[in-house]
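Q: Next up is a structure, given as structure tokens.
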Amino acid sequence: MMGTKSLVAFVLFALLVFEGYFTEKVLSATVTYDNRALVIDGKRRILQSGSIHYPRSTPEVWPEIIKKSKEGGLDVIETYVFWNYHEPVKGQYYFEGRFDLVRFVKTVQEAGLLVHLRIGPYACAEWNYGGFPIWLHFIPGIQFRTTNAPFKIEMKQFLAKIVEMMKKEHLFASQGGPIILAQVENEYGNIEGSYGVGGELYVKWAAETAVSLNTSVPWVMCVQDDAPDPIINTCNGFYCDRFTPNSPSKPKMWTENYSGWFLGFGNPIPFRPVEDLAFAVARFFETGGTFQNYYMYFGGTNFGRTAGGPLVATSYDYDAPIDEYGFLRQPKWGHLRDLHKAIKQCEENMISSNPTQVQLGKNLEAHVYYKSSNECAAFLANYGSSLDENVTFNGNIYFLPAWSVSILPDCKNVIFNTAKVVSQRTLGDSSFSATTSVNDFILEPSSWSWYKERVGIWSNNSFMNSGLLEQITTTKDTSDYLWYTISINVKENNIPGQAKELFLHIESLGHAALAFVNKRLVGFGYGNHEDASFILDEKITLNHGNNTIDLLSTMIGVQNYGPWFDVAGAGIFYVALRDLKNDTNDLSFEEWTYQVGLEGEDLDLDNINLANSSLWTTGAAPPVNQSLIWYKVAFLAPEGKGPLALNLASMGKGQAWVNGQSIGRYWPAYLSPSSGCTNGSDCDYRGAYDPSKCLKNCGQPAQTLYHIPRTWVHIGENLLVLHEELGGDPSKISLRTKTGQEICAHVSETDPPPADSWKPNSEFISQNPEVQLTCERGWHITSINFASFGTPIGKCGTFALGACNADILSIVQQACLGQEGCSIPISTATLGDPCPGVPKCLAVEALCSD
């Protein structure tokens, strides 16, 4: 007979077992799909998703970024898996720090969100080599992304590695995890034709291989019209409302909706107006879409040498709703949040039927979702790009601005229009633009240290070769740098002591090169993202006797996109000397000496353990405007918990490290073209968007501020190391912190009330619109700089009182001061009526700070 203690223990054990079993049964989910949507545990879902790439941030801030994504109305987080950093050496795996994939997926799960895991393993993503490990290139007989046995072996092995890792950690939905979708390959349809029959066979093989891994969740292939069943083919692009899946049994899904565009060194900064982005999303769901993903929702930073090529900048901000530093980009984040709330209000109707289209006029239409004969939701669209219109729908008249969609969850009340932005705005062009809430700290060290890089061959591990070598094959991407060195002897028949004037002609596949003659810099050539190749012509002088020509070829990211991109070359392929008579001496097939990398790299000068090494020369002021020089300085990090920005506007081109961590490549000396930008950040959102439509910062560097995660610095002295290629002035480098933000809002009496205040069968039209203000978490509203109800004029940052004005400063102060956020209903009963019969607005500017 069981004793009392034994009985209690048994009961506890049984309860624990039952509780574990019950929890597992509750949390696990079955994910399938039908022609309308993904089906999770038997219920169709309308899902909003956003891309966040785990290595483009740090684990310490993942939770906050994911939390902000959830608060913005997302249901799903989408990420690529980056093969080249997970398997840097064949058979040796790495899943730590920023590359801790399991931790990232679990962090998403802890926030209550779902995951779309884009395993690929080709990513593109403006990521170095598209995510492929460089060692893959050197496997004998290999051809990437086609029906090639060596490639398929490696690809299948990595796919299986990731799937098994996720299964082991119980991260697929059927195991109680958050992963509801997986992706194999990526945008292959764009380049499939270049591979002929091999491409078609490869698509079938990739699909069969993915399905055979038994993830228990659906697989997708984006931009792949011939994706075989059961793989779902999905859309990528700026607009996907006209996309149709390749089978009537598959749902309409959008895996990449570009929130902006990536940045290239030497290019102006692209941005996408939120009115257009919201229009694209609303049109997609209006026309039957049920899953939409922002690429990017948080872009982050290309730390180290992770940026792809050619010439992709270190910032991967992407004009995303959450900016590179983790701050909300307003009004983009807020306007999209309100859009998501409005679509969510329509969900029950949308999952119940296909949309019924109703033509309302030229470029005017409605799509109606019926749950029953008397329950429906409607989207009203004016997809013309110039004329605002009034339309009649269900007997009521609705005003539709050009290029906009109105959302009516009950086919009666408009709770959102994509062109009416009522969410708050943030003053300033970027997180760290110079405003009252940004502090700039000059480093002001007691001393600088420097190390002058040797020009040309610097060690006995150099080697010789007849002819010019392709750079990637030579360096195996262990360094951005490759030295090409040759000796030239000016013949005896020249007049003794007389120098010989020639032209040095260099042609390169990319991406940049410094030319030295007799150890003196004579020229610098470079390409751009669109065309990395370049030609460098420089007039030079050779001395009588022996001369050296040293060419430092520099890569700025290995190619990441296009057919056969894996064999795209880099480096110098033609060198010649031409005299004044135009006689040419081709040096391309002569004997060249090669040196991979820089001496400073070999010495490990960025290593924090060498901070006090005698290798460094120390002085009160560093030498300035010198090429190929390393700088080192100790600095104190500004107080606070937020991220830091390193202002490198005074520098030329190079790489930077903080406490041994690479913050990436910098190139402020490369200015964008002086023309082609819109005025400031303004751009007419009406009409189709493309990456060149809305540009800013013409005539300026693409990037001067470089992200330092707060966790990379500590109390006390920190170490900054720079390798400068062209020449700059490090004494002008500064650190920026953000201690607050200036926010504002402008809402009229005729704007709709908050979307989430609508309830079925409610008299929504009688509710009041609101000004809603929210600070970043941890900050509070510390002052109200402007408040007016009436007819205020100007824009955020330049508001002024209009002819009609009610003094409401005390009302706003009482509601908002000291609060993290506040809302003020626009009501004459509360705010007064300074001009009866005149349409009025409420405008507020406030300062948030810590």
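Here, A, B, ... name the chains of the structure tokens in the order displayed, residue numbers run from 1 inside each chain, and ligands are numbered from 1 in the same displayed order.
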Excluding stretch 645-652 of chain A and any residue of its chain fewer than 3 positions from it, enumerate the residues within 6 Å of it, using only C-alpha atoms, and give them as number ranges by chain.
A: A: 667-669, 704-708, 726-729, 733-736
Q: For stretch 246-252 of chain A, work out the shell of residues within 9 Å, counting only C-alpha atoms and skipping chain neighbours fewer than 6 positions away, then give it as a compact mmCIF listing (two decimals) with all heavy atoms, in the first residue's frame.
A:
```
# COMPACT_ATOMS: atom_id res chain seq x y z
N TYR A 33 -3.45 25.47 -45.47
CA TYR A 33 -3.94 26.63 -46.23
C TYR A 33 -5.04 26.18 -47.17
O TYR A 33 -5.19 25.00 -47.49
CB TYR A 33 -2.81 27.30 -47.01
CG TYR A 33 -2.18 26.45 -48.10
CD1 TYR A 33 -2.75 26.34 -49.37
CD2 TYR A 33 -0.99 25.75 -47.87
CE1 TYR A 33 -2.18 25.58 -50.37
CE2 TYR A 33 -0.40 24.98 -48.86
CZ TYR A 33 -1.00 24.90 -50.11
OH TYR A 33 -0.42 24.13 -51.09
N ASP A 34 -5.86 27.15 -47.56
CA ASP A 34 -6.82 26.92 -48.64
C ASP A 34 -6.72 28.10 -49.60
O ASP A 34 -5.76 28.86 -49.55
CB ASP A 34 -8.24 26.72 -48.09
CG ASP A 34 -8.79 27.94 -47.35
OD1 ASP A 34 -8.22 29.05 -47.50
OD2 ASP A 34 -9.78 27.79 -46.61
N ASN A 35 -7.70 28.24 -50.47
CA ASN A 35 -7.60 29.28 -51.50
C ASN A 35 -7.70 30.69 -50.95
O ASN A 35 -7.35 31.65 -51.63
CB ASN A 35 -8.70 29.07 -52.55
CG ASN A 35 -10.08 29.36 -51.98
OD1 ASN A 35 -10.43 28.87 -50.91
ND2 ASN A 35 -10.87 30.12 -52.71
N ARG A 36 -8.17 30.84 -49.70
CA ARG A 36 -8.34 32.17 -49.13
C ARG A 36 -7.21 32.61 -48.22
O ARG A 36 -6.84 33.77 -48.18
CB ARG A 36 -9.66 32.24 -48.32
CG ARG A 36 -10.90 32.47 -49.14
CD ARG A 36 -10.90 33.82 -49.86
NE ARG A 36 -10.89 34.94 -48.93
CZ ARG A 36 -10.04 35.95 -49.00
NH1 ARG A 36 -9.10 35.97 -49.93
NH2 ARG A 36 -10.10 36.95 -48.14
N ALA A 37 -6.65 31.67 -47.42
CA ALA A 37 -5.71 32.12 -46.40
C ALA A 37 -4.95 30.95 -45.81
O ALA A 37 -5.27 29.78 -46.06
CB ALA A 37 -6.48 32.85 -45.29
N LEU A 38 -3.94 31.28 -45.00
CA LEU A 38 -3.36 30.27 -44.12
C LEU A 38 -4.42 29.90 -43.08
O LEU A 38 -5.17 30.75 -42.61
CB LEU A 38 -2.12 30.82 -43.41
CG LEU A 38 -0.88 31.05 -44.26
CD1 LEU A 38 0.24 31.65 -43.42
CD2 LEU A 38 -0.40 29.75 -44.91
N GLN A 224 7.96 32.85 -57.86
CA GLN A 224 8.21 31.55 -58.48
C GLN A 224 6.90 31.02 -59.06
O GLN A 224 6.21 30.21 -58.46
CB GLN A 224 8.78 30.57 -57.44
CG GLN A 224 9.44 29.35 -58.05
CD GLN A 224 10.66 29.73 -58.87
OE1 GLN A 224 11.58 30.37 -58.36
NE2 GLN A 224 10.67 29.36 -60.13
N ASP A 225 6.59 31.48 -60.27
CA ASP A 225 5.31 31.13 -60.88
C ASP A 225 5.16 29.64 -61.11
O ASP A 225 4.03 29.13 -61.19
CB ASP A 225 5.14 31.87 -62.21
CG ASP A 225 4.92 33.36 -62.03
OD1 ASP A 225 4.59 33.77 -60.91
OD2 ASP A 225 5.13 34.11 -63.01
N ASP A 226 6.29 28.92 -61.24
CA ASP A 226 6.19 27.48 -61.49
C ASP A 226 6.44 26.66 -60.23
O ASP A 226 6.79 25.48 -60.32
CB ASP A 226 7.16 27.06 -62.60
CG ASP A 226 8.61 27.39 -62.28
OD1 ASP A 226 8.86 28.12 -61.29
OD2 ASP A 226 9.51 26.92 -63.01
N ALA A 227 6.24 27.26 -59.06
CA ALA A 227 6.40 26.50 -57.81
C ALA A 227 5.42 25.34 -57.80
O ALA A 227 4.20 25.55 -57.89
CB ALA A 227 6.16 27.41 -56.60
N PRO A 228 5.92 24.09 -57.71
CA PRO A 228 5.01 22.94 -57.77
C PRO A 228 4.23 22.76 -56.47
O PRO A 228 4.69 23.16 -55.40
CB PRO A 228 5.96 21.76 -58.01
CG PRO A 228 7.27 22.21 -57.45
CD PRO A 228 7.34 23.70 -57.63
N ASP A 229 3.05 22.18 -56.58
CA ASP A 229 2.27 21.85 -55.37
C ASP A 229 3.09 20.94 -54.47
O ASP A 229 3.85 20.09 -54.97
CB ASP A 229 0.96 21.15 -55.76
CG ASP A 229 0.03 22.09 -56.53
OD1 ASP A 229 0.25 23.31 -56.46
OD2 ASP A 229 -0.89 21.58 -57.19
N PRO A 230 2.99 21.08 -53.16
CA PRO A 230 2.11 22.00 -52.40
C PRO A 230 2.78 23.32 -52.05
O PRO A 230 2.28 24.05 -51.19
CB PRO A 230 1.83 21.19 -51.14
CG PRO A 230 3.14 20.49 -50.88
CD PRO A 230 3.69 20.12 -52.24
N ILE A 231 3.90 23.65 -52.68
CA ILE A 231 4.59 24.90 -52.37
C ILE A 231 3.73 26.09 -52.79
O ILE A 231 3.20 26.11 -53.91
CB ILE A 231 5.95 24.97 -53.10
CG1 ILE A 231 6.80 23.73 -52.82
CG2 ILE A 231 6.69 26.25 -52.72
CD1 ILE A 231 7.29 23.60 -51.41
N ILE A 232 3.60 27.09 -51.91
CA ILE A 232 2.84 28.30 -52.23
C ILE A 232 3.76 29.29 -52.92
O ILE A 232 4.82 29.62 -52.38
CB ILE A 232 2.26 28.94 -50.96
CG1 ILE A 232 1.43 27.94 -50.14
CG2 ILE A 232 1.42 30.17 -51.31
CD1 ILE A 232 1.05 28.45 -48.75
N ASN A 233 3.37 29.73 -54.12
CA ASN A 233 4.16 30.80 -54.74
C ASN A 233 3.63 32.15 -54.27
O ASN A 233 2.41 32.34 -54.14
CB ASN A 233 4.14 30.70 -56.27
CG ASN A 233 2.77 30.98 -56.85
OD1 ASN A 233 1.79 30.33 -56.49
ND2 ASN A 233 2.69 31.93 -57.78
N THR A 234 4.54 33.07 -53.96
CA THR A 234 4.15 34.35 -53.37
C THR A 234 4.72 35.51 -54.17
O THR A 234 5.60 35.33 -55.02
CB THR A 234 4.65 34.45 -51.91
OG1 THR A 234 6.08 34.49 -51.91
CG2 THR A 234 4.17 33.28 -51.08
N CYS A 235 4.25 36.70 -53.86
CA CYS A 235 4.62 37.92 -54.58
C CYS A 235 5.64 38.73 -53.79
O CYS A 235 5.58 38.79 -52.56
CB CYS A 235 3.36 38.76 -54.82
SG CYS A 235 3.63 40.27 -55.78
N PHE A 284 -3.92 45.45 -51.55
CA PHE A 284 -3.65 44.01 -51.53
C PHE A 284 -4.74 43.26 -50.77
O PHE A 284 -5.28 42.26 -51.26
CB PHE A 284 -2.29 43.75 -50.90
CG PHE A 284 -1.92 42.30 -50.76
CD1 PHE A 284 -1.60 41.54 -51.87
CD2 PHE A 284 -1.90 41.70 -49.51
CE1 PHE A 284 -1.26 40.20 -51.74
CE2 PHE A 284 -1.55 40.36 -49.38
CZ PHE A 284 -1.24 39.61 -50.49
N GLY A 288 -8.19 40.52 -52.10
CA GLY A 288 -8.14 39.09 -51.74
C GLY A 288 -6.91 38.63 -51.02
O GLY A 288 -6.79 37.44 -50.70
N GLY A 289 -5.96 39.51 -50.76
CA GLY A 289 -4.77 39.11 -50.02
C GLY A 289 -5.06 38.83 -48.56
O GLY A 289 -5.97 39.43 -47.98
N THR A 290 -4.26 37.93 -47.97
CA THR A 290 -4.50 37.61 -46.56
C THR A 290 -3.22 37.53 -45.73
O THR A 290 -3.28 37.39 -44.51
CB THR A 290 -5.26 36.28 -46.41
OG1 THR A 290 -4.58 35.27 -47.16
CG2 THR A 290 -6.69 36.40 -46.89
N PHE A 291 -2.05 37.60 -46.38
CA PHE A 291 -0.76 37.60 -45.67
C PHE A 291 0.13 38.60 -46.37
O PHE A 291 0.36 38.51 -47.57
CB PHE A 291 -0.12 36.21 -45.69
CG PHE A 291 1.24 36.15 -45.02
CD1 PHE A 291 1.36 35.61 -43.74
CD2 PHE A 291 2.39 36.60 -45.66
CE1 PHE A 291 2.61 35.54 -43.12
CE2 PHE A 291 3.63 36.54 -45.05
CZ PHE A 291 3.75 36.01 -43.78
```
Q: My list of candidates is A:Ala366, A:Leu521, A:Val102, A:Ile119. Which is closest to A:Lys156 when distances are computed with only C-alpha atoms?
A: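 Of A:Ala366, A:Leu521, A:Val102, A:Ile119, the one nearest A:Lys156 is A:Ile119, counting only C-alpha atoms.
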Q: What lies within 9 Å of stretch 135-138 of chain A using only C-alpha atoms, ignoring chain neighbours under 2 positions off, as a list in words?
A: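 These residues fall inside the cut-off: Asn84, Pro88, Val89, Lys90, Phe132, Pro133, Pro140, Gly141, Ile142, Gln143, Phe144, Phe151, Glu154, Thr473, Lys476, Asp566 and Val567 of chain A.
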Q: Excluding stretch 377-379 of chain A and residues on its chain fewer than 6 positions from it, collect all residues at most 9 Å away from it, counting only C-alpha atoms, and give them as an MDAnalysis selection string.
A: chainID A and resid 282:283 285:287 345:350 355 365:371 405:412
Q: With only C-alpha atoms as the basis for distance, which of A:Cys848, A:Leu380, A:Met555, A:Ile351 is at the shortest distance from A:Ile415?
A: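 Smallest distance to A:Ile415 is found for A:Leu380.
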Q: List the spatial neighbours of A:Val312 as JSON, numbers by chain - criterion: any atom at most 9 Å away, only C-alpha atoms, same-chain residues fewer than 3 positions off excluded.
A: {"A": [126, 127, 262, 263, 264, 265, 302, 307, 308, 309, 315, 316, 529, 556, 557]}
Q: Restricting it to all heavy atoms, dump the selection as a CSV table (one decimal), in the first residue's frame.
A:
```csv
chain,number,residue,atom,x,y,z
A,126,GLU,N,20.9,42.0,-49.9
A,126,GLU,CA,22.0,42.9,-49.9
A,126,GLU,C,23.1,42.4,-48.9
A,126,GLU,O,23.7,43.2,-48.2
A,126,GLU,CB,21.6,44.4,-49.6
A,126,GLU,CG,20.8,45.0,-50.7
A,126,GLU,CD,19.4,44.4,-50.8
A,126,GLU,OE1,18.6,44.4,-49.8
A,126,GLU,OE2,19.0,43.9,-51.9
A,127,TRP,N,23.2,41.1,-48.8
A,127,TRP,CA,24.0,40.5,-47.8
A,127,TRP,C,25.2,39.9,-48.6
A,127,TRP,O,25.1,39.5,-49.7
A,127,TRP,CB,23.3,39.4,-47.1
A,127,TRP,CG,24.0,38.8,-45.9
A,127,TRP,CD1,24.7,37.6,-45.9
A,127,TRP,CD2,24.0,39.2,-44.6
A,127,TRP,NE1,25.1,37.3,-44.6
A,127,TRP,CE2,24.7,38.3,-43.8
A,127,TRP,CE3,23.5,40.4,-43.9
A,127,TRP,CZ2,25.0,38.5,-42.4
A,127,TRP,CZ3,23.7,40.5,-42.6
A,127,TRP,CH2,24.4,39.6,-41.9
A,262,PHE,N,17.1,50.0,-50.2
A,262,PHE,CA,18.4,49.9,-49.5
A,262,PHE,C,19.3,51.1,-50.1
A,262,PHE,O,19.0,51.7,-51.1
A,262,PHE,CB,19.1,48.6,-49.8
A,262,PHE,CG,19.4,48.3,-51.2
A,262,PHE,CD1,20.6,48.7,-51.8
A,262,PHE,CD2,18.5,47.6,-52.0
A,262,PHE,CE1,20.9,48.4,-53.1
A,262,PHE,CE2,18.8,47.3,-53.3
A,262,PHE,CZ,20.0,47.7,-53.9
A,263,LEU,N,20.4,51.3,-49.3
A,263,LEU,CA,21.2,52.5,-49.6
A,263,LEU,C,22.6,52.0,-50.2
A,263,LEU,O,23.2,51.1,-49.6
A,263,LEU,CB,21.4,53.3,-48.3
A,263,LEU,CG,22.4,54.5,-48.4
A,263,LEU,CD1,21.8,55.6,-49.3
A,263,LEU,CD2,22.5,55.1,-47.0
A,264,GLY,N,23.0,52.6,-51.2
A,264,GLY,CA,24.4,52.4,-51.7
A,264,GLY,C,25.3,53.5,-51.5
A,264,GLY,O,24.9,54.7,-51.6
A,265,PHE,N,26.6,53.3,-51.2
A,265,PHE,CA,27.5,54.3,-51.1
A,265,PHE,C,27.5,55.1,-52.4
A,265,PHE,O,27.5,54.6,-53.5
A,265,PHE,CB,28.9,53.8,-50.9
A,265,PHE,CG,29.2,53.3,-49.4
A,265,PHE,CD1,29.6,52.0,-49.2
A,265,PHE,CD2,29.0,54.2,-48.4
A,265,PHE,CE1,29.8,51.6,-47.9
A,265,PHE,CE2,29.2,53.7,-47.1
A,265,PHE,CZ,29.6,52.4,-46.8
A,302,ASN,N,24.4,46.8,-41.3
A,302,ASN,CA,25.3,45.8,-41.8
A,302,ASN,C,26.7,45.9,-41.1
A,302,ASN,O,27.6,46.5,-41.6
A,302,ASN,CB,25.5,46.0,-43.3
A,302,ASN,CG,24.3,45.8,-44.1
A,302,ASN,OD1,23.6,44.8,-43.9
A,302,ASN,ND2,24.0,46.7,-45.1
A,307,ALA,N,27.7,43.5,-45.4
A,307,ALA,CA,27.0,44.1,-46.5
A,307,ALA,C,27.4,43.4,-47.8
A,307,ALA,O,28.5,43.1,-48.1
A,307,ALA,CB,27.3,45.6,-46.6
A,308,GLY,N,26.3,43.2,-48.7
A,308,GLY,CA,26.6,42.6,-50.0
A,308,GLY,C,27.2,43.6,-50.9
A,308,GLY,O,27.6,44.7,-50.6
A,309,GLY,N,27.1,43.2,-52.2
A,309,GLY,CA,27.8,44.1,-53.1
A,309,GLY,C,27.1,44.2,-54.5
A,309,GLY,O,26.2,43.4,-54.8
A,315,SER,N,24.6,51.2,-43.3
A,315,SER,CA,23.2,51.4,-42.8
A,315,SER,C,22.2,50.6,-43.7
A,315,SER,O,22.2,50.7,-44.9
A,315,SER,CB,22.8,52.9,-42.9
A,315,SER,OG,21.4,53.0,-42.6
A,316,TYR,N,21.4,49.8,-43.0
A,316,TYR,CA,20.3,49.1,-43.7
A,316,TYR,C,19.0,49.5,-43.2
A,316,TYR,O,18.0,48.8,-43.0
A,316,TYR,CB,20.5,47.5,-43.6
A,316,TYR,CG,19.8,46.7,-44.6
A,316,TYR,CD1,20.2,46.7,-45.9
A,316,TYR,CD2,18.7,45.9,-44.3
A,316,TYR,CE1,19.6,46.0,-46.9
A,316,TYR,CE2,18.1,45.1,-45.3
A,316,TYR,CZ,18.6,45.1,-46.6
A,316,TYR,OH,18.0,44.4,-47.6
A,529,HIS,N,27.1,51.2,-57.1
A,529,HIS,CA,26.3,50.0,-56.9
A,529,HIS,C,25.8,49.4,-58.2
A,529,HIS,O,25.7,48.2,-58.4
A,529,HIS,CB,25.1,50.2,-55.9
A,529,HIS,CG,24.2,49.0,-55.8
A,529,HIS,ND1,24.6,47.9,-55.1
A,529,HIS,CD2,23.0,48.8,-56.3
A,529,HIS,CE1,23.6,47.0,-55.2
A,529,HIS,NE2,22.6,47.5,-55.9
A,556,ILE,N,34.0,46.1,-51.8
A,556,ILE,CA,33.0,46.7,-50.9
A,556,ILE,C,31.8,45.7,-51.0
A,556,ILE,O,30.7,46.1,-51.5
A,556,ILE,CB,32.6,48.1,-51.2
A,556,ILE,CG1,33.8,49.0,-51.2
A,556,ILE,CG2,31.6,48.6,-50.2
A,556,ILE,CD1,34.4,49.4,-52.5
A,557,GLY,N,32.0,44.5,-50.5
A,557,GLY,CA,30.9,43.5,-50.5
A,557,GLY,C,30.9,42.6,-51.7
A,557,GLY,O,31.0,43.1,-52.9
```
Q: Between atom CA of A:Tyr258 and atom CA of A:Gly193, what is the spacing in Å?
A: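 So the two atoms, atom CA of A:Gly193 and atom CA of A:Tyr258, lie 24.5 Å apart.
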Q: As an exercise, work out the distance from atom CA of A:Ser174 to atom CA of A:Val108 in Å and give it to one decimal place.
A: 16.5 Å
Q: At what distance in Å, to one decimal, does atom CA of A:Glu169 lie from atom CA of A:Ser216?
A: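 Separation of atom CA of A:Ser216 and atom CA of A:Glu169: 14.6 Å.
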